[in-house]
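See below for the structure under consideration.
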Amino acid sequence: MLPISWCQSAIAKPSTGDAKQLFDLLKEVGGEGCYVFSLDPLQPGTTAYARFFNPTVGISEDPATGTAAGPLAAHLVAHSLAQPGVIKVEQGTTLGRTSIIEVVVDAGSVSVSGRGIMVASGAFSI
């Protein structure tokens, strides 16, 4: 997790970063992805805006990362950047796939929820 203190217009722009440079850096440090967030979300009622880049497994940018939104919400509560209870994390807006991930943080527990849409289906046999 990496906090970004950009303004809304900067974090909301499509990524113009160097994917190969990020890939090389992640390989060098044994990392898998880079999750950045700002407390300057675009959608009303949300607490944070997040982006997740994971070039080491072929994901240039993920539109919704619940496995990262949970720890982010816990981090925000632990550092008094958000109150315990429901925390909404916006993600995917730069991809045209806005996602609102709901996280509930209470004493000793974190739960993540949201809704999704089917973007592909299929079957395979082994």
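Order determines the names: the first chain of the structure tokens is A, the second B, and so forth; residues in each chain are numbered 1 upward, and ligands are numbered 1 upward as they are shown.
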Open item on the list: So that I can check the secondary structure, give me every residue of chain A assigned alpha helix (DSSP H) by backbone DSSP, as a list in words.
Closed with: Gln8, Ser9, Ala10, Ile11, Ala19, Lys20, Gln21, Leu22, Phe23, Asp24, Leu25, Leu26, Lys27, Glu28, Val29, Gly66, Thr67, Ala68, Ala69, Gly70, Pro71, Leu72, Ala73, Ala74, His75, Leu76, Val77 and Ala78 of chain A
Selection above as a file: N, CA and C atoms, as a PDB file, in the first residue's frame:
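The resulting file, out_6.pdb, is reproduced below:
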```pdb
ATOM      1  N   GLN A   8      -7.426  15.126  -6.972  1.00  0.00           N
ATOM      2  CA  GLN A   8      -8.333  14.257  -7.722  1.00  0.00           C
ATOM      3  C   GLN A   8      -7.936  14.128  -9.182  1.00  0.00           C
ATOM      4  N   SER A   9      -7.589  15.225  -9.820  1.00  0.00           N
ATOM      5  CA  SER A   9      -7.314  15.171 -11.256  1.00  0.00           C
ATOM      6  C   SER A   9      -6.099  14.305 -11.574  1.00  0.00           C
ATOM      7  N   ALA A  10      -5.123  14.248 -10.678  1.00  0.00           N
ATOM      8  CA  ALA A  10      -3.918  13.463 -10.951  1.00  0.00           C
ATOM      9  C   ALA A  10      -4.148  11.972 -10.760  1.00  0.00           C
ATOM     10  N   ILE A  11      -4.784  11.570  -9.666  1.00  0.00           N
ATOM     11  CA  ILE A  11      -4.965  10.132  -9.433  1.00  0.00           C
ATOM     12  C   ILE A  11      -6.025   9.565 -10.364  1.00  0.00           C
ATOM     13  N   ALA A  19       5.288   0.650 -17.295  1.00  0.00           N
ATOM     14  CA  ALA A  19       4.933  -0.675 -16.782  1.00  0.00           C
ATOM     15  C   ALA A  19       6.169  -1.572 -16.662  1.00  0.00           C
ATOM     16  N   LYS A  20       7.087  -1.480 -17.605  1.00  0.00           N
ATOM     17  CA  LYS A  20       8.298  -2.314 -17.540  1.00  0.00           C
ATOM     18  C   LYS A  20       9.149  -1.927 -16.346  1.00  0.00           C
ATOM     19  N   GLN A  21       9.249  -0.622 -16.076  1.00  0.00           N
ATOM     20  CA  GLN A  21      10.034  -0.173 -14.930  1.00  0.00           C
ATOM     21  C   GLN A  21       9.404  -0.668 -13.625  1.00  0.00           C
ATOM     22  N   LEU A  22       8.071  -0.610 -13.519  1.00  0.00           N
ATOM     23  CA  LEU A  22       7.393  -1.129 -12.332  1.00  0.00           C
ATOM     24  C   LEU A  22       7.598  -2.632 -12.224  1.00  0.00           C
ATOM     25  N   PHE A  23       7.469  -3.348 -13.329  1.00  0.00           N
ATOM     26  CA  PHE A  23       7.697  -4.793 -13.352  1.00  0.00           C
ATOM     27  C   PHE A  23       9.097  -5.123 -12.835  1.00  0.00           C
ATOM     28  N   ASP A  24      10.106  -4.439 -13.357  1.00  0.00           N
ATOM     29  CA  ASP A  24      11.493  -4.683 -12.951  1.00  0.00           C
ATOM     30  C   ASP A  24      11.701  -4.387 -11.466  1.00  0.00           C
ATOM     31  N   LEU A  25      11.132  -3.292 -10.986  1.00  0.00           N
ATOM     32  CA  LEU A  25      11.256  -2.934  -9.571  1.00  0.00           C
ATOM     33  C   LEU A  25      10.595  -3.987  -8.681  1.00  0.00           C
ATOM     34  N   LEU A  26       9.399  -4.422  -9.050  1.00  0.00           N
ATOM     35  CA  LEU A  26       8.707  -5.434  -8.251  1.00  0.00           C
ATOM     36  C   LEU A  26       9.489  -6.742  -8.222  1.00  0.00           C
ATOM     37  N   LYS A  27      10.044  -7.147  -9.356  1.00  0.00           N
ATOM     38  CA  LYS A  27      10.872  -8.360  -9.394  1.00  0.00           C
ATOM     39  C   LYS A  27      12.098  -8.215  -8.495  1.00  0.00           C
ATOM     40  N   GLU A  28      12.707  -7.043  -8.533  1.00  0.00           N
ATOM     41  CA  GLU A  28      13.918  -6.784  -7.742  1.00  0.00           C
ATOM     42  C   GLU A  28      13.656  -6.903  -6.242  1.00  0.00           C
ATOM     43  N   VAL A  29      12.503  -6.410  -5.795  1.00  0.00           N
ATOM     44  CA  VAL A  29      12.216  -6.418  -4.358  1.00  0.00           C
ATOM     45  C   VAL A  29      11.352  -7.606  -3.928  1.00  0.00           C
ATOM     46  N   GLY A  66     -10.672  -6.375  -3.823  1.00  0.00           N
ATOM     47  CA  GLY A  66     -11.192  -6.527  -2.470  1.00  0.00           C
ATOM     48  C   GLY A  66     -10.140  -6.988  -1.480  1.00  0.00           C
ATOM     49  N   THR A  67      -9.212  -7.828  -1.941  1.00  0.00           N
ATOM     50  CA  THR A  67      -8.170  -8.331  -1.042  1.00  0.00           C
ATOM     51  C   THR A  67      -7.219  -7.237  -0.592  1.00  0.00           C
ATOM     52  N   ALA A  68      -7.216  -6.111  -1.288  1.00  0.00           N
ATOM     53  CA  ALA A  68      -6.396  -4.966  -0.871  1.00  0.00           C
ATOM     54  C   ALA A  68      -7.247  -3.907  -0.174  1.00  0.00           C
ATOM     55  N   ALA A  69      -8.528  -3.806  -0.557  1.00  0.00           N
ATOM     56  CA  ALA A  69      -9.407  -2.799   0.057  1.00  0.00           C
ATOM     57  C   ALA A  69      -9.620  -3.085   1.545  1.00  0.00           C
ATOM     58  N   GLY A  70      -9.690  -4.357   1.918  1.00  0.00           N
ATOM     59  CA  GLY A  70      -9.848  -4.704   3.337  1.00  0.00           C
ATOM     60  C   GLY A  70      -8.688  -4.210   4.185  1.00  0.00           C
ATOM     61  N   PRO A  71      -7.459  -4.567   3.836  1.00  0.00           N
ATOM     62  CA  PRO A  71      -6.320  -4.047   4.580  1.00  0.00           C
ATOM     63  C   PRO A  71      -6.204  -2.522   4.531  1.00  0.00           C
ATOM     64  N   LEU A  72      -6.583  -1.911   3.395  1.00  0.00           N
ATOM     65  CA  LEU A  72      -6.553  -0.451   3.316  1.00  0.00           C
ATOM     66  C   LEU A  72      -7.502   0.147   4.351  1.00  0.00           C
ATOM     67  N   ALA A  73      -8.725  -0.345   4.422  1.00  0.00           N
ATOM     68  CA  ALA A  73      -9.696   0.183   5.380  1.00  0.00           C
ATOM     69  C   ALA A  73      -9.209  -0.005   6.813  1.00  0.00           C
ATOM     70  N   ALA A  74      -8.632  -1.166   7.112  1.00  0.00           N
ATOM     71  CA  ALA A  74      -8.093  -1.409   8.456  1.00  0.00           C
ATOM     72  C   ALA A  74      -6.964  -0.424   8.761  1.00  0.00           C
ATOM     73  N   HIS A  75      -6.120  -0.159   7.776  1.00  0.00           N
ATOM     74  CA  HIS A  75      -5.027   0.810   7.918  1.00  0.00           C
ATOM     75  C   HIS A  75      -5.578   2.210   8.201  1.00  0.00           C
ATOM     76  N   LEU A  76      -6.611   2.606   7.458  1.00  0.00           N
ATOM     77  CA  LEU A  76      -7.196   3.934   7.644  1.00  0.00           C
ATOM     78  C   LEU A  76      -7.770   4.092   9.050  1.00  0.00           C
ATOM     79  N   VAL A  77      -8.441   3.057   9.539  1.00  0.00           N
ATOM     80  CA  VAL A  77      -9.003   3.107  10.899  1.00  0.00           C
ATOM     81  C   VAL A  77      -7.874   3.122  11.933  1.00  0.00           C
ATOM     82  N   ALA A  78      -6.874   2.264  11.749  1.00  0.00           N
ATOM     83  CA  ALA A  78      -5.763   2.171  12.709  1.00  0.00           C
ATOM     84  C   ALA A  78      -5.000   3.487  12.834  1.00  0.00           C
TER      85      ALA A  78
END
```
TODO: Return as a ChimeraX atom specification the full set of residues in chain A whose backbone-based DSSP assignment is strand (DSSP E).
DONE: /A:2-3,34-38,48-54,59-62,85-91,99-106,109-113
TODO: Excluding A:Gly92 and residues on its chain fewer than 4 positions from it, collect all residues at most 7 Å away from it, counting only C-alpha atoms, and give them as a list in words.
DONE: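 After dropping sequence-adjacent residues, the list is Arg51, Asp62, Pro63, Ala64, Gly96, Arg97, Thr98 and Ser99 of chain A.
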The selected residues should be written to file as a PDB file, in the first residue's frame (atoms: N, CA and C atoms).
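Wrote it out as part.pdb, contents follow:
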```pdb
ATOM      1  N   ARG A  51      -5.901   2.350  -6.688  1.00  0.00           N
ATOM      2  CA  ARG A  51      -5.518   1.744  -7.966  1.00  0.00           C
ATOM      3  C   ARG A  51      -4.542   0.621  -7.661  1.00  0.00           C
ATOM      4  N   ASP A  62      -6.074  -3.413 -12.111  1.00  0.00           N
ATOM      5  CA  ASP A  62      -7.267  -4.134 -11.678  1.00  0.00           C
ATOM      6  C   ASP A  62      -8.375  -3.134 -11.343  1.00  0.00           C
ATOM      7  N   PRO A  63      -9.604  -3.338 -11.844  1.00  0.00           N
ATOM      8  CA  PRO A  63     -10.683  -2.398 -11.553  1.00  0.00           C
ATOM      9  C   PRO A  63     -11.276  -2.534 -10.153  1.00  0.00           C
ATOM     10  N   ALA A  64     -11.035  -3.653  -9.474  1.00  0.00           N
ATOM     11  CA  ALA A  64     -11.564  -3.838  -8.115  1.00  0.00           C
ATOM     12  C   ALA A  64     -10.717  -4.884  -7.401  1.00  0.00           C
ATOM     13  N   GLY A  96     -12.819   3.160 -16.698  1.00  0.00           N
ATOM     14  CA  GLY A  96     -14.205   3.191 -17.139  1.00  0.00           C
ATOM     15  C   GLY A  96     -15.036   2.099 -16.497  1.00  0.00           C
ATOM     16  N   ARG A  97     -14.549   1.528 -15.389  1.00  0.00           N
ATOM     17  CA  ARG A  97     -15.221   0.429 -14.688  1.00  0.00           C
ATOM     18  C   ARG A  97     -15.259   0.742 -13.191  1.00  0.00           C
ATOM     19  N   THR A  98     -15.921   1.830 -12.838  1.00  0.00           N
ATOM     20  CA  THR A  98     -15.966   2.257 -11.443  1.00  0.00           C
ATOM     21  C   THR A  98     -16.487   1.141 -10.550  1.00  0.00           C
ATOM     22  N   SER A  99     -15.756   0.870  -9.488  1.00  0.00           N
ATOM     23  CA  SER A  99     -16.137  -0.134  -8.499  1.00  0.00           C
ATOM     24  C   SER A  99     -16.171   0.546  -7.139  1.00  0.00           C
TER      25      SER A  99
END
```
Task: Non-local contacts of A:Tyr49 (9 Å; only C-alpha atoms; under 2 positions in same chain excluded) as a PyMOL selection string - done: chain A and resi 8+11-12+36-43+46-47+51+89-93
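Take atom CA of A:Ile101 and atom CA of A:Glu32: the distance between them is 21.4 Å.
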Task: atom CA of A:Gly45 to atom CA of A:Gly114, straight-line distance in Å - done: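 Distance reported for this atom pair: 14.6 Å.
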Open item on the list: Please report the interatomic distance between atom CA of A:Leu95 and atom CA of A:Val119 in Å with one decimal.
Closed with: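 The value is 14.2 Å.
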Open item on the list: Taking 6 positions as the minimum chain separation for residues in the same chain, which residues sit within 9 Å of A:Asp106 when counting only C-alpha atoms? Answer as a ChimeraX atom specification.
Closed with: /A:74,84-86
Mind dumping the selected residues with all heavy atoms as a CSV table (one decimal), in the first residue's frame?
```csv
chain,number,residue,atom,x,y,z
A,74,ALA,N,-8.6,-1.2,7.1
A,74,ALA,CA,-8.1,-1.4,8.5
A,74,ALA,C,-7.0,-0.4,8.8
A,74,ALA,O,-6.9,0.1,9.9
A,74,ALA,CB,-7.6,-2.9,8.6
A,84,PRO,N,-14.2,3.6,12.5
A,84,PRO,CA,-14.7,2.2,12.4
A,84,PRO,C,-16.1,2.2,11.8
A,84,PRO,O,-16.9,3.2,12.0
A,84,PRO,CB,-14.7,1.7,13.8
A,84,PRO,CG,-13.7,2.5,14.5
A,84,PRO,CD,-13.8,3.9,13.9
A,85,GLY,N,-16.5,1.1,11.2
A,85,GLY,CA,-17.8,1.0,10.5
A,85,GLY,C,-17.6,0.8,9.0
A,85,GLY,O,-16.7,0.2,8.6
A,86,VAL,N,-18.6,1.2,8.3
A,86,VAL,CA,-18.6,1.0,6.8
A,86,VAL,C,-17.6,2.0,6.1
A,86,VAL,O,-17.8,3.2,6.3
A,86,VAL,CB,-20.0,1.1,6.2
A,86,VAL,CG1,-19.9,1.0,4.7
A,86,VAL,CG2,-20.9,0.0,6.8
```
